[in-house]
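Encoded as structure tokens, the structure appears first; notes follow it.
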Number of protein chains: 2
Amino acid sequence: MSRFLSNRYSNIEPYTPGEQPKVYNLIKLNTNESPFPPSPKVIEALNKAETEKLNLYSDPDTKDVIDAIASTLNVKSENIIMGNGSDEILAFTFQAFCDSENQPCFADITYGFYKVFCELYGLSPEIIPLREDLSIAPEDYYNKGKSIFIANPNAPTGLALSLSQIEDIINHNKNSIILVDEAYVDFGAESAISLINKYDNLIVSRTFSKSRNLAGARLGFAVANAEIIADLAKMKFSFNPYNINRLSIIAGKEAILDTEYFEKCVSVIIKNREYTVNELKKRGFTTIDSKTNFIFTKLSSISGADYYKALREKNILVRHFGNERIKDYVRITIGSLEQMQALIDATDEILKGV
Amino acid sequence: MSRFLSNRYSNIEPYTPGEQPKVYNLIKLNTNESPFPPSPKVIEALNKAETEKLNLYSDPDTKDVIDAIASTLNVKSENIIMGNGSDEILAFTFQAFCDSENQPCFADITYGFYKVFCELYGLSPEIIPLREDLSIAPEDYYNKGKSIFIANPNAPTGLALSLSQIEDIINHNKNSIILVDEAYVDFGAESAISLINKYDNLIVSRTFSKSRNLAGARLGFAVANAEIIADLAKMKFSFNPYNINRLSIIAGKEAILDTEYFEKCVSVIIKNREYTVNELKKRGFTTIDSKTNFIFTKLSSISGADYYKALREKNILVRHFGNERIKDYVRITIGSLEQMQALIDATDEILKGV
């Protein structure tokens with residue numbers, strides 16, 4: 001720490017992204033990326049004619065990708081704002097809608113970045129424990145008088161609330177912002193986007209990093225009523241008006257319009273998830289019901305940390321969290337069938353030695 | 001404004017980026033973009049093999065582009081951090097190093113975003129007027145006890161301080177952060193990067209948007225001593241760890257390594273600047289001595305606003321600022337020779353009618 005850093009950040013603990021090692025032949029199942037390349041239409045659109053225009057600024061209003069999302073998700077363009085990944089959308093939301101009079105609340109086990117944003121913006125969040133089975137109890141979120149952040153499906157558990165449960169929470173908090181983080185919703189959960197014009201306090205955040213195969217393009221977005229979007233735009237235009245680069249705007253547009261490729265990729269992931277859960281079950285693993293492109297699983301005969309380490313030695317990278325409540329589990333991204341077969345084979349070898 | 005926006009933002013005035021109209025055949029000289037495409041090596045590197053990997057996250061440490069910058073600018077990699085454009089670097093700097101005990105100060109006429117960052121982070125800047133001739137007086141910055149932000153060359157004037165003047169300011173402020181915003185330095189001014197290891201309080205910010213022909217890739221960076229860089233990294237990793245997308249990392253690496261193309265582009269811009277200044281001088285314009293890829297110019301017989309409007313009607317877009325001290329001027333980006341000839345021709349037609 002330099003002698004110049006503001007005192008308010010003297011104890012800040014930044015987010016730790018999943019490891020991105022440059023190891024040859026590593027099977028990387030630790031950051032919930034898609035195993036499939038982007039839509040062929042994305043590849044085609046990112047051509048020489050477009051890269052030659054990189055000397056020009058990108059459109060600060062990101063109109064092309066917003067219009068494509070609007071038509072695909074059946075909302076208006078005024079209901080959408082783009083972020084440099086959904087992390088930026090989340091950051092803008094904490095910044096715009098939380099302060100000392102209006103603190104945030106979220107689950108004890110959820111996306112680890114929420115508490116980092118609280119440190120960044122000097123907020124004191126209320127932490128709401130998940131139930132014993134790691135599910136969210138909607139009634140714990142009734143009448144909070146706080147901004148509510150819910151990942152649905154939740155990470156790293158993979159569990160989803162139903163749309164009626166989400167609406168129930170909204171109905172019990174009509175005067176507070178509710179952000180529903182739907183990073184993983186396409187893999188089997190119900191979206192709350194249909195509610196954005198019914199409730200003026202709902203923000204749905206989405207990402208292109210998972211189901212749209214574009215983690216490397218850094219594209220996320222929020223869907224909400226027009227007034228909320230205008231507030232988020234104030235944050236964006238006061239921080240980084242050109243927050244999305246030219247090529248990602250093009251990639252996002254093509255990816256969201258290619259519904260056929262999207263559905264194909266998602267259905268393969270769901271099939272591979274079922275395969276993996278079944279194979280692990282045969283070997284005694286308990287896996288939480290996942291509506292995402294990852295699973296959260298444990299086995300009584302090996303600790304989460306040991307299983308993680310043993311897989312790492314076999315060049316398979318998954319994610320383990322040290323938090324007491326979930327330390328028995330590992331989180332495994334669902335990749336291609338070949339990758340999942342390699343995981344199962346490696347697991348068999350590991351279990352032989354246990 | 002929604003009923004949920006934090007009170008602290010009720011009066012925020014976001015930055016207004018230069019107009020990005022989608023008009024056919026417009027000569028766009030309003031946002032200081034390069035008229036030249038990126039280096040051929042950038043185009044070549046952004047190939048199908050790379051776009052096919054967009055399903056994978058980018059490197060949060062952006063090692064490839066940082067190493068390339070380090071070798072080109074002769075600093076260590078630990079002295080560099082990348083931003084999603086230099087605006088993000090500026091934002092992180094205001095956020096990390098300014099607070100109620102340590103307010104920022106900057107010129108009355110300078111990059112308009114500085115005051116927006118102050119609104120965003122709740123800061124009360126001291127505004128230091130430029131001299132009558134719109135130059136910066138180094139002695140006005142002595143012993144401020146505040147974080148100092150200096151654009152060098154300054155925008156929109158184009159005037160530069162010498163390296164010894166910058167060092168003089170640093171020497172009179174050894175216990176305060178000094179950010180030197182060198183967005184335009186490559187077009188004829190002296191960089192302060194050589195001082196980063198001599199002074200632990202100096203941050204130099206740079207961009208790929210101007211002299212590296214990559215405005216659309218959104219790439220900026222800071223150069224400073226390792227402790228300062230580590231502090232800025234805390235901001236980045238608490239806000240958006242994957243702030244740079246995959247393709248921009250590649251583009252930045254190739255662009256910074258192609259010194260030959262860079263020097264060629266910069267020298268053409270400088271030549272076109274001289275041409276434009278001379279032609280305008282013949283027509284009675286007064287142009288401030290520019291060390292940038294734009295000029296700031298005025299003519300007594302036509303107001304800045306009228307000249308701007310008249311050019312706009314002839315499909316030439318420049319920038320006019322309403323601020324009282326500079327309202328007589330327009331800022332004109334230096335484009336290709338053909339573009340500058342068109343500007344001069346249009347000016348002749350306009351002056352006929354005055």
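How things are named: the first chain in the structure tokens is A, the next is B, and so on; residues count from 1 in each chain; ligands count from 1 in the order shown.
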
Here's a check: after a least-squares fit over all in-order C-alpha atoms, write chain A in the frame of chain B, as a CSV table (one decimal) with C-alpha atoms, in the first residue's frame.
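What follows is the written file part.csv:
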```csv
chain,number,residue,atom,x,y,z
A,1,MET,CA,-34.5,10.0,-11.9
A,2,SER,CA,-36.0,7.1,-10.2
A,3,ARG,CA,-37.1,7.3,-6.5
A,4,PHE,CA,-34.3,4.9,-5.6
A,5,LEU,CA,-31.2,6.9,-6.8
A,6,SER,CA,-29.0,7.8,-3.8
A,7,ASN,CA,-29.4,11.4,-2.8
A,8,ARG,CA,-25.7,12.0,-3.4
A,9,TYR,CA,-26.3,11.7,-7.2
A,10,SER,CA,-29.4,13.8,-7.4
A,11,ASN,CA,-27.5,16.6,-9.1
A,12,ILE,CA,-24.9,14.7,-10.9
A,13,GLU,CA,-24.1,15.8,-14.5
A,14,PRO,CA,-22.5,13.0,-16.4
A,15,TYR,CA,-19.8,13.6,-19.0
A,16,THR,CA,-21.0,14.4,-22.5
A,17,PRO,CA,-18.9,12.6,-25.0
A,18,GLY,CA,-18.4,14.1,-28.5
A,19,GLU,CA,-21.3,13.4,-30.8
A,20,GLN,CA,-21.1,10.1,-32.6
A,21,PRO,CA,-23.6,10.6,-35.4
A,22,LYS,CA,-24.3,7.9,-38.0
A,23,VAL,CA,-24.3,10.3,-41.0
A,24,TYR,CA,-23.0,9.2,-44.3
A,25,ASN,CA,-20.0,11.0,-45.6
A,26,LEU,CA,-19.5,13.1,-42.4
A,27,ILE,CA,-16.0,14.3,-41.8
A,28,LYS,CA,-15.6,13.6,-38.2
A,29,LEU,CA,-13.1,15.9,-36.5
A,30,ASN,CA,-14.7,16.2,-33.1
A,31,THR,CA,-13.4,13.4,-30.9
A,32,ASN,CA,-9.6,13.3,-31.6
A,33,GLU,CA,-9.6,9.9,-33.2
A,34,SER,CA,-6.8,8.9,-35.6
A,35,PRO,CA,-7.8,8.9,-39.2
A,36,PHE,CA,-5.6,5.8,-39.8
A,37,PRO,CA,-6.6,2.2,-39.2
A,38,PRO,CA,-4.7,0.3,-36.5
A,39,SER,CA,-1.3,-1.2,-37.4
A,40,PRO,CA,-1.6,-4.0,-40.0
A,41,LYS,CA,-0.1,-6.3,-37.3
A,42,VAL,CA,-3.2,-5.6,-35.1
A,43,ILE,CA,-5.5,-6.5,-38.0
A,44,GLU,CA,-3.5,-9.7,-38.6
A,45,ALA,CA,-3.5,-10.7,-35.0
A,46,LEU,CA,-7.3,-10.3,-34.5
A,47,ASN,CA,-7.9,-13.4,-36.6
A,48,LYS,CA,-10.4,-16.2,-36.5
A,49,ALA,CA,-8.3,-18.3,-34.2
A,50,GLU,CA,-8.5,-15.6,-31.6
A,51,THR,CA,-12.2,-14.7,-32.0
A,52,GLU,CA,-13.0,-18.4,-31.6
A,53,LYS,CA,-11.5,-18.2,-28.1
A,54,LEU,CA,-13.9,-15.5,-27.0
A,55,ASN,CA,-15.8,-18.1,-24.9
A,56,LEU,CA,-12.8,-17.9,-22.5
A,57,TYR,CA,-12.3,-15.1,-20.0
A,58,SER,CA,-9.5,-12.6,-20.7
A,59,ASP,CA,-6.4,-12.5,-18.5
A,60,PRO,CA,-7.3,-10.3,-15.5
A,61,ASP,CA,-3.6,-9.4,-15.2
A,62,THR,CA,-3.5,-8.4,-18.9
A,63,LYS,CA,0.1,-9.7,-18.9
A,64,ASP,CA,0.7,-9.8,-22.7
A,65,VAL,CA,-0.1,-6.1,-23.3
A,66,ILE,CA,1.6,-4.9,-20.1
A,67,ASP,CA,4.8,-6.8,-21.0
A,68,ALA,CA,4.7,-5.2,-24.5
A,69,ILE,CA,4.3,-1.7,-23.1
A,70,ALA,CA,7.0,-2.3,-20.5
A,71,SER,CA,9.5,-3.3,-23.1
A,72,THR,CA,8.5,-0.5,-25.5
A,73,LEU,CA,8.5,2.3,-22.9
A,74,ASN,CA,11.5,0.9,-20.9
A,75,VAL,CA,9.8,0.4,-17.6
A,76,LYS,CA,9.0,-2.7,-15.6
A,77,SER,CA,5.7,-4.6,-15.9
A,78,GLU,CA,5.1,-3.9,-12.2
A,79,ASN,CA,4.9,-0.2,-13.1
A,80,ILE,CA,1.9,-0.6,-15.4
A,81,ILE,CA,-1.8,-1.2,-15.0
A,82,MET,CA,-4.4,-1.3,-17.8
A,83,GLY,CA,-7.7,0.5,-17.9
A,84,ASN,CA,-10.8,0.1,-20.1
A,85,GLY,CA,-9.7,3.4,-21.7
A,86,SER,CA,-7.7,5.9,-19.8
A,87,ASP,CA,-11.0,7.2,-18.4
A,88,GLU,CA,-11.1,4.2,-16.2
A,89,ILE,CA,-7.5,4.8,-15.0
A,90,LEU,CA,-8.5,8.4,-14.2
A,91,ALA,CA,-11.6,7.2,-12.3
A,92,PHE,CA,-9.5,4.7,-10.3
A,93,THR,CA,-7.0,7.5,-9.4
A,94,PHE,CA,-9.7,9.9,-8.2
A,95,GLN,CA,-11.3,7.0,-6.2
A,96,ALA,CA,-8.1,5.7,-4.6
A,97,PHE,CA,-6.2,8.9,-3.8
A,98,CYS,CA,-8.8,11.6,-3.2
A,99,ASP,CA,-11.1,12.0,-0.2
A,100,SER,CA,-12.4,14.7,2.1
A,101,GLU,CA,-8.9,15.0,3.6
A,102,ASN,CA,-7.2,15.0,0.3
A,103,GLN,CA,-9.2,16.9,-2.3
A,104,PRO,CA,-8.2,17.1,-6.0
A,105,CYS,CA,-7.2,20.3,-7.9
A,106,PHE,CA,-6.9,21.0,-11.6
A,107,ALA,CA,-7.2,23.7,-14.2
A,108,ASP,CA,-10.4,25.5,-15.0
A,109,ILE,CA,-9.9,24.7,-18.7
A,110,THR,CA,-8.9,21.0,-19.0
A,111,TYR,CA,-10.3,17.6,-19.7
A,112,GLY,CA,-14.0,18.0,-18.8
A,113,PHE,CA,-14.2,14.6,-17.2
A,114,TYR,CA,-12.1,15.5,-14.1
A,115,LYS,CA,-15.0,17.5,-12.6
A,116,VAL,CA,-17.4,14.6,-13.3
A,117,PHE,CA,-15.2,12.2,-11.4
A,118,CYS,CA,-15.3,14.6,-8.5
A,119,GLU,CA,-19.1,14.5,-8.5
A,120,LEU,CA,-19.1,10.7,-8.8
A,121,TYR,CA,-16.8,10.4,-5.8
A,122,GLY,CA,-18.2,13.2,-3.7
A,123,LEU,CA,-15.1,15.4,-4.0
A,124,SER,CA,-14.8,19.2,-3.9
A,125,PRO,CA,-12.0,20.1,-6.3
A,126,GLU,CA,-10.0,23.3,-6.2
A,127,ILE,CA,-10.2,24.8,-9.7
A,128,ILE,CA,-7.1,26.7,-10.7
A,129,PRO,CA,-7.5,29.2,-13.6
A,130,LEU,CA,-5.2,29.0,-16.5
A,131,ARG,CA,-3.2,32.2,-17.3
A,132,GLU,CA,-4.8,34.7,-19.6
A,133,ASP,CA,-3.1,33.0,-22.6
A,134,LEU,CA,-4.6,29.7,-21.5
A,135,SER,CA,-1.3,28.2,-20.4
A,136,ILE,CA,-0.7,26.5,-17.1
A,137,ALA,CA,1.4,28.5,-14.6
A,138,PRO,CA,3.5,25.9,-12.7
A,139,GLU,CA,3.8,28.1,-9.7
A,140,ASP,CA,0.0,28.0,-9.2
A,141,TYR,CA,0.5,24.3,-8.4
A,142,TYR,CA,3.2,24.7,-5.7
A,143,ASN,CA,2.6,23.2,-2.3
A,144,LYS,CA,-1.1,22.5,-2.8
A,145,GLY,CA,-1.5,19.8,-0.2
A,146,LYS,CA,-3.9,18.3,-2.7
A,147,SER,CA,-4.0,15.6,-5.4
A,148,ILE,CA,-3.0,17.3,-8.6
A,149,PHE,CA,-4.4,16.4,-12.0
A,150,ILE,CA,-2.7,17.9,-15.1
A,151,ALA,CA,-3.4,17.1,-18.7
A,152,ASN,CA,-0.1,17.5,-20.5
A,153,PRO,CA,-0.5,18.5,-23.3
A,154,ASN,CA,-3.7,20.1,-22.0
A,155,ALA,CA,-7.1,19.7,-23.7
A,156,PRO,CA,-8.7,21.4,-25.4
A,157,THR,CA,-5.9,24.0,-25.7
A,158,GLY,CA,-3.2,21.6,-27.0
A,159,LEU,CA,-0.6,23.5,-25.0
A,160,ALA,CA,2.2,21.5,-23.3
A,161,LEU,CA,4.4,22.0,-20.2
A,162,SER,CA,8.0,21.0,-20.6
A,163,LEU,CA,9.3,18.0,-18.6
A,164,SER,CA,11.3,20.4,-16.4
A,165,GLN,CA,8.1,22.3,-15.6
A,166,ILE,CA,6.3,19.1,-14.7
A,167,GLU,CA,9.3,18.1,-12.5
A,168,ASP,CA,9.2,21.5,-10.9
A,169,ILE,CA,5.6,20.9,-9.9
A,170,ILE,CA,6.4,17.5,-8.5
A,171,ASN,CA,9.3,18.9,-6.5
A,172,HIS,CA,6.9,21.3,-4.9
A,173,ASN,CA,4.4,18.6,-3.9
A,174,LYS,CA,6.3,15.6,-2.7
A,175,ASN,CA,3.5,14.5,-0.4
A,176,SER,CA,0.7,14.6,-2.8
A,177,ILE,CA,-0.3,12.4,-5.8
A,178,ILE,CA,0.3,14.1,-9.2
A,179,LEU,CA,-1.4,12.6,-12.1
A,180,VAL,CA,-0.1,13.7,-15.5
A,181,ASP,CA,-2.6,12.8,-18.2
A,182,GLU,CA,-0.6,12.2,-21.3
A,183,ALA,CA,-3.4,11.2,-23.7
A,184,TYR,CA,-1.9,13.4,-26.4
A,185,VAL,CA,1.8,13.4,-25.5
A,186,ASP,CA,3.0,11.4,-28.5
A,187,PHE,CA,2.2,14.3,-30.9
A,188,GLY,CA,5.0,16.5,-29.7
A,189,ALA,CA,5.3,16.9,-26.0
A,190,GLU,CA,7.7,15.4,-23.4
A,191,SER,CA,6.6,12.5,-21.3
A,192,ALA,CA,7.1,12.3,-17.6
A,193,ILE,CA,7.4,8.5,-17.6
A,194,SER,CA,11.2,8.8,-17.0
A,195,LEU,CA,10.4,10.2,-13.6
A,196,ILE,CA,8.2,7.5,-12.1
A,197,ASN,CA,11.0,5.8,-10.2
A,198,LYS,CA,12.5,9.1,-9.0
A,199,TYR,CA,9.2,10.2,-7.4
A,200,ASP,CA,6.8,7.9,-5.6
A,201,ASN,CA,3.9,10.3,-6.0
A,202,LEU,CA,3.7,10.5,-9.8
A,203,ILE,CA,1.2,8.7,-12.0
A,204,VAL,CA,1.3,9.0,-15.8
A,205,SER,CA,-1.8,8.0,-17.6
A,206,ARG,CA,-1.8,7.1,-21.3
A,207,THR,CA,-4.2,5.9,-24.0
A,208,PHE,CA,-4.2,3.8,-27.1
A,209,SER,CA,-7.1,5.9,-28.5
A,210,LYS,CA,-5.0,8.6,-30.2
A,211,SER,CA,-1.5,7.9,-31.3
A,212,ARG,CA,-2.1,4.1,-31.4
A,213,ASN,CA,-5.2,4.3,-33.6
A,214,LEU,CA,-7.3,2.1,-31.2
A,215,ALA,CA,-10.0,4.3,-29.8
A,216,GLY,CA,-12.6,1.6,-30.4
A,217,ALA,CA,-10.6,-1.0,-28.5
A,218,ARG,CA,-10.8,1.0,-25.2
A,219,LEU,CA,-7.3,0.7,-23.8
A,220,GLY,CA,-5.6,3.0,-21.5
A,221,PHE,CA,-2.9,2.5,-18.8
A,222,ALA,CA,-1.1,4.1,-15.9
A,223,VAL,CA,2.6,4.1,-15.4
A,224,ALA,CA,3.8,4.7,-11.8
A,225,ASN,CA,5.9,3.2,-9.1
A,226,ALA,CA,4.9,-0.3,-8.0
A,227,GLU,CA,3.2,0.7,-4.8
A,228,ILE,CA,0.9,3.1,-6.6
A,229,ILE,CA,0.2,0.5,-9.3
A,230,ALA,CA,-0.7,-2.0,-6.5
A,231,ASP,CA,-3.2,0.5,-5.1
A,232,LEU,CA,-4.8,1.1,-8.5
A,233,ALA,CA,-5.0,-2.7,-8.9
A,234,LYS,CA,-7.0,-2.8,-5.6
A,235,MET,CA,-9.5,-0.5,-7.2
A,236,LYS,CA,-9.6,-2.6,-10.4
A,237,PHE,CA,-9.9,-5.9,-8.7
A,238,SER,CA,-12.7,-4.5,-6.4
A,239,PHE,CA,-14.6,-3.2,-9.4
A,240,ASN,CA,-14.1,-5.3,-12.5
A,241,PRO,CA,-11.1,-7.8,-12.5
A,242,TYR,CA,-11.7,-8.7,-16.1
A,243,ASN,CA,-11.8,-5.1,-17.2
A,244,ILE,CA,-10.0,-5.6,-20.6
A,245,ASN,CA,-11.5,-8.0,-23.1
A,246,ARG,CA,-9.4,-10.6,-25.0
A,247,LEU,CA,-9.2,-8.9,-28.3
A,248,SER,CA,-8.2,-5.6,-27.0
A,249,ILE,CA,-5.3,-7.2,-25.0
A,250,ILE,CA,-4.1,-8.6,-28.3
A,251,ALA,CA,-4.7,-5.4,-30.2
A,252,GLY,CA,-2.8,-3.4,-27.6
A,253,LYS,CA,0.2,-5.7,-27.6
A,254,GLU,CA,0.6,-5.6,-31.4
A,255,ALA,CA,0.0,-1.8,-31.6
A,256,ILE,CA,2.6,-0.9,-29.0
A,257,LEU,CA,5.2,-3.2,-30.5
A,258,ASP,CA,4.7,-1.8,-34.0
A,259,THR,CA,6.9,1.3,-33.4
A,260,GLU,CA,7.5,1.9,-37.1
A,261,TYR,CA,3.8,2.2,-38.0
A,262,PHE,CA,3.2,4.3,-34.9
A,263,GLU,CA,5.9,6.8,-35.8
A,264,LYS,CA,4.7,7.0,-39.4
A,265,CYS,CA,1.1,7.8,-38.3
A,266,VAL,CA,2.3,10.4,-35.7
A,267,SER,CA,4.6,12.1,-38.2
A,268,VAL,CA,1.8,12.4,-40.8
A,269,ILE,CA,-0.5,13.9,-38.1
A,270,ILE,CA,2.1,16.4,-37.2
A,271,LYS,CA,2.6,17.4,-40.8
A,272,ASN,CA,-1.1,17.7,-41.4
A,273,ARG,CA,-1.3,19.8,-38.2
A,274,GLU,CA,1.3,22.2,-39.6
A,275,TYR,CA,-0.5,22.4,-42.9
A,276,THR,CA,-3.8,23.2,-41.2
A,277,VAL,CA,-2.4,25.8,-38.8
A,278,ASN,CA,-0.7,27.5,-41.7
A,279,GLU,CA,-3.8,27.5,-44.0
A,280,LEU,CA,-5.9,28.8,-41.1
A,281,LYS,CA,-3.3,31.5,-40.3
A,282,LYS,CA,-3.5,32.7,-44.0
A,283,ARG,CA,-7.2,33.2,-43.4
A,284,GLY,CA,-6.7,35.2,-40.2
A,285,PHE,CA,-7.2,32.5,-37.6
A,286,THR,CA,-5.3,32.4,-34.3
A,287,THR,CA,-4.3,28.9,-33.3
A,288,ILE,CA,-2.8,28.0,-30.0
A,289,ASP,CA,0.5,26.1,-30.3
A,290,SER,CA,-0.6,22.5,-30.3
A,291,LYS,CA,1.4,19.5,-29.3
A,292,THR,CA,-1.6,17.2,-29.9
A,293,ASN,CA,-3.6,15.7,-32.7
A,294,PHE,CA,-6.1,18.6,-32.5
A,295,ILE,CA,-5.9,22.4,-32.7
A,296,PHE,CA,-7.8,25.0,-30.8
A,297,THR,CA,-8.4,28.0,-33.1
A,298,LYS,CA,-10.5,31.1,-33.4
A,299,LEU,CA,-11.2,33.9,-35.8
A,300,SER,CA,-12.3,37.4,-34.7
A,301,SER,CA,-14.9,37.7,-37.5
A,302,ILE,CA,-16.9,34.6,-36.6
A,303,SER,CA,-17.9,33.2,-33.3
A,304,GLY,CA,-16.8,29.7,-32.2
A,305,ALA,CA,-20.5,28.6,-32.1
A,306,ASP,CA,-21.2,30.0,-35.6
A,307,TYR,CA,-18.1,28.5,-37.1
A,308,TYR,CA,-19.0,25.2,-35.6
A,309,LYS,CA,-22.5,25.3,-36.9
A,310,ALA,CA,-21.5,26.4,-40.4
A,311,LEU,CA,-19.0,23.5,-40.6
A,312,ARG,CA,-21.7,21.1,-39.3
A,313,GLU,CA,-23.9,22.2,-42.2
A,314,LYS,CA,-21.1,21.3,-44.6
A,315,ASN,CA,-20.9,17.8,-43.0
A,316,ILE,CA,-17.8,18.6,-41.0
A,317,LEU,CA,-18.1,18.0,-37.3
A,318,VAL,CA,-15.7,19.7,-34.9
A,319,ARG,CA,-16.1,20.5,-31.2
A,320,HIS,CA,-17.2,23.7,-29.6
A,321,PHE,CA,-17.3,24.3,-25.8
A,322,GLY,CA,-19.8,26.8,-24.3
A,323,ASN,CA,-17.4,27.8,-21.4
A,324,GLU,CA,-17.1,31.6,-21.3
A,325,ARG,CA,-13.3,31.6,-21.5
A,326,ILE,CA,-13.0,29.5,-24.6
A,327,LYS,CA,-16.3,30.1,-26.4
A,328,ASP,CA,-14.5,31.9,-29.2
A,329,TYR,CA,-12.6,28.7,-30.1
A,330,VAL,CA,-13.4,25.5,-31.9
A,331,ARG,CA,-11.4,22.3,-31.4
A,332,ILE,CA,-10.5,20.5,-34.6
A,333,THR,CA,-9.1,17.0,-34.7
A,334,ILE,CA,-6.2,16.6,-37.2
A,335,GLY,CA,-7.3,14.0,-39.7
A,336,SER,CA,-6.0,12.9,-43.0
A,337,LEU,CA,-4.6,15.6,-45.5
A,338,GLU,CA,-7.8,15.1,-47.6
A,339,GLN,CA,-10.0,15.8,-44.5
A,340,MET,CA,-8.0,18.9,-43.6
A,341,GLN,CA,-8.2,20.2,-47.2
A,342,ALA,CA,-11.9,19.7,-47.1
A,343,LEU,CA,-12.0,21.7,-43.8
A,344,ILE,CA,-10.0,24.5,-45.4
A,345,ASP,CA,-12.3,24.5,-48.5
A,346,ALA,CA,-15.4,24.6,-46.3
A,347,THR,CA,-13.9,27.4,-44.2
A,348,ASP,CA,-13.3,29.4,-47.4
A,349,GLU,CA,-16.9,29.0,-48.3
A,350,ILE,CA,-18.0,30.0,-44.9
A,351,LEU,CA,-15.8,33.1,-44.8
A,352,LYS,CA,-17.2,34.3,-48.1
A,353,GLY,CA,-20.6,34.6,-46.4
A,354,VAL,CA,-19.3,36.4,-43.3
```

Quick one: DSSP strand (DSSP E) residues in stretch 16-264 of chain A, as a PyMOL selection string? chain A and resi 27-28+80-83+104-107+126-128+147-151+178-181+202-207+220-224

Would you list, as a PDB file with C-alpha atoms, in the first residue's frame, the residues of stretch 14-205 of chain A that end up in alpha helix (DSSP H) under DSSP run on this structure's backbone?
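Written output follows (states38.pdb):
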```pdb
ATOM      1  CA  PRO A  40     -20.261 -18.742 -36.119  1.00  0.00           C
ATOM      2  CA  LYS A  41     -22.090 -15.504 -36.878  1.00  0.00           C
ATOM      3  CA  VAL A  42     -19.956 -13.746 -34.260  1.00  0.00           C
ATOM      4  CA  ILE A  43     -16.757 -15.093 -35.824  1.00  0.00           C
ATOM      5  CA  GLU A  44     -17.945 -14.012 -39.264  1.00  0.00           C
ATOM      6  CA  ALA A  45     -18.906 -10.516 -38.117  1.00  0.00           C
ATOM      7  CA  LYS A  48     -11.094  -7.371 -41.194  1.00  0.00           C
ATOM      8  CA  ALA A  49     -13.485  -4.599 -42.221  1.00  0.00           C
ATOM      9  CA  GLU A  50     -14.487  -4.180 -38.574  1.00  0.00           C
ATOM     10  CA  THR A  51     -11.026  -4.490 -37.018  1.00  0.00           C
ATOM     11  CA  LYS A  63     -27.395   0.919 -29.744  1.00  0.00           C
ATOM     12  CA  ASP A  64     -26.764  -2.065 -32.020  1.00  0.00           C
ATOM     13  CA  VAL A  65     -26.404  -4.607 -29.251  1.00  0.00           C
ATOM     14  CA  ILE A  66     -29.148  -3.063 -27.121  1.00  0.00           C
ATOM     15  CA  ASP A  67     -31.635  -3.172 -30.002  1.00  0.00           C
ATOM     16  CA  ALA A  68     -30.726  -6.812 -30.664  1.00  0.00           C
ATOM     17  CA  ILE A  69     -31.231  -7.739 -27.008  1.00  0.00           C
ATOM     18  CA  ALA A  70     -34.511  -5.824 -26.894  1.00  0.00           C
ATOM     19  CA  SER A  71     -35.937  -7.675 -29.878  1.00  0.00           C
ATOM     20  CA  THR A  72     -34.737 -11.050 -28.589  1.00  0.00           C
ATOM     21  CA  LEU A  73     -35.947 -10.643 -24.999  1.00  0.00           C
ATOM     22  CA  SER A  86     -22.188  -7.869 -15.602  1.00  0.00           C
ATOM     23  CA  ASP A  87     -19.711  -7.058 -12.818  1.00  0.00           C
ATOM     24  CA  GLU A  88     -19.827  -3.456 -14.004  1.00  0.00           C
ATOM     25  CA  ILE A  89     -23.641  -3.530 -13.931  1.00  0.00           C
ATOM     26  CA  LEU A  90     -23.513  -4.818 -10.357  1.00  0.00           C
ATOM     27  CA  ALA A  91     -20.982  -2.141  -9.402  1.00  0.00           C
ATOM     28  CA  PHE A  92     -23.147   0.635 -10.858  1.00  0.00           C
ATOM     29  CA  THR A  93     -26.170  -0.753  -8.995  1.00  0.00           C
ATOM     30  CA  PHE A  94     -24.430  -0.807  -5.613  1.00  0.00           C
ATOM     31  CA  GLN A  95     -23.081   2.675  -6.304  1.00  0.00           C
ATOM     32  CA  ALA A  96     -26.346   4.228  -7.493  1.00  0.00           C
ATOM     33  CA  PHE A  97     -28.865   2.670  -5.152  1.00  0.00           C
ATOM     34  CA  PHE A 113     -18.209 -10.000  -5.388  1.00  0.00           C
ATOM     35  CA  TYR A 114     -21.228  -8.463  -3.617  1.00  0.00           C
ATOM     36  CA  LYS A 115     -19.297  -7.973  -0.396  1.00  0.00           C
ATOM     37  CA  VAL A 116     -16.340  -6.520  -2.318  1.00  0.00           C
ATOM     38  CA  PHE A 117     -18.596  -3.881  -3.882  1.00  0.00           C
ATOM     39  CA  CYS A 118     -19.758  -3.031  -0.366  1.00  0.00           C
ATOM     40  CA  GLU A 119     -16.163  -2.410   0.699  1.00  0.00           C
ATOM     41  CA  LEU A 120     -15.527  -0.361  -2.433  1.00  0.00           C
ATOM     42  CA  LEU A 163     -40.431 -16.841 -10.612  1.00  0.00           C
ATOM     43  CA  SER A 164     -43.297 -16.794  -8.121  1.00  0.00           C
ATOM     44  CA  GLN A 165     -40.843 -16.845  -5.231  1.00  0.00           C
ATOM     45  CA  ILE A 166     -38.948 -13.920  -6.755  1.00  0.00           C
ATOM     46  CA  GLU A 167     -42.220 -12.034  -7.265  1.00  0.00           C
ATOM     47  CA  ASP A 168     -43.182 -12.813  -3.685  1.00  0.00           C
ATOM     48  CA  ILE A 169     -39.973 -11.148  -2.482  1.00  0.00           C
ATOM     49  CA  ILE A 170     -40.600  -8.126  -4.716  1.00  0.00           C
ATOM     50  CA  ASN A 171     -44.157  -7.837  -3.417  1.00  0.00           C
TER      51      ASN A 171
END
```
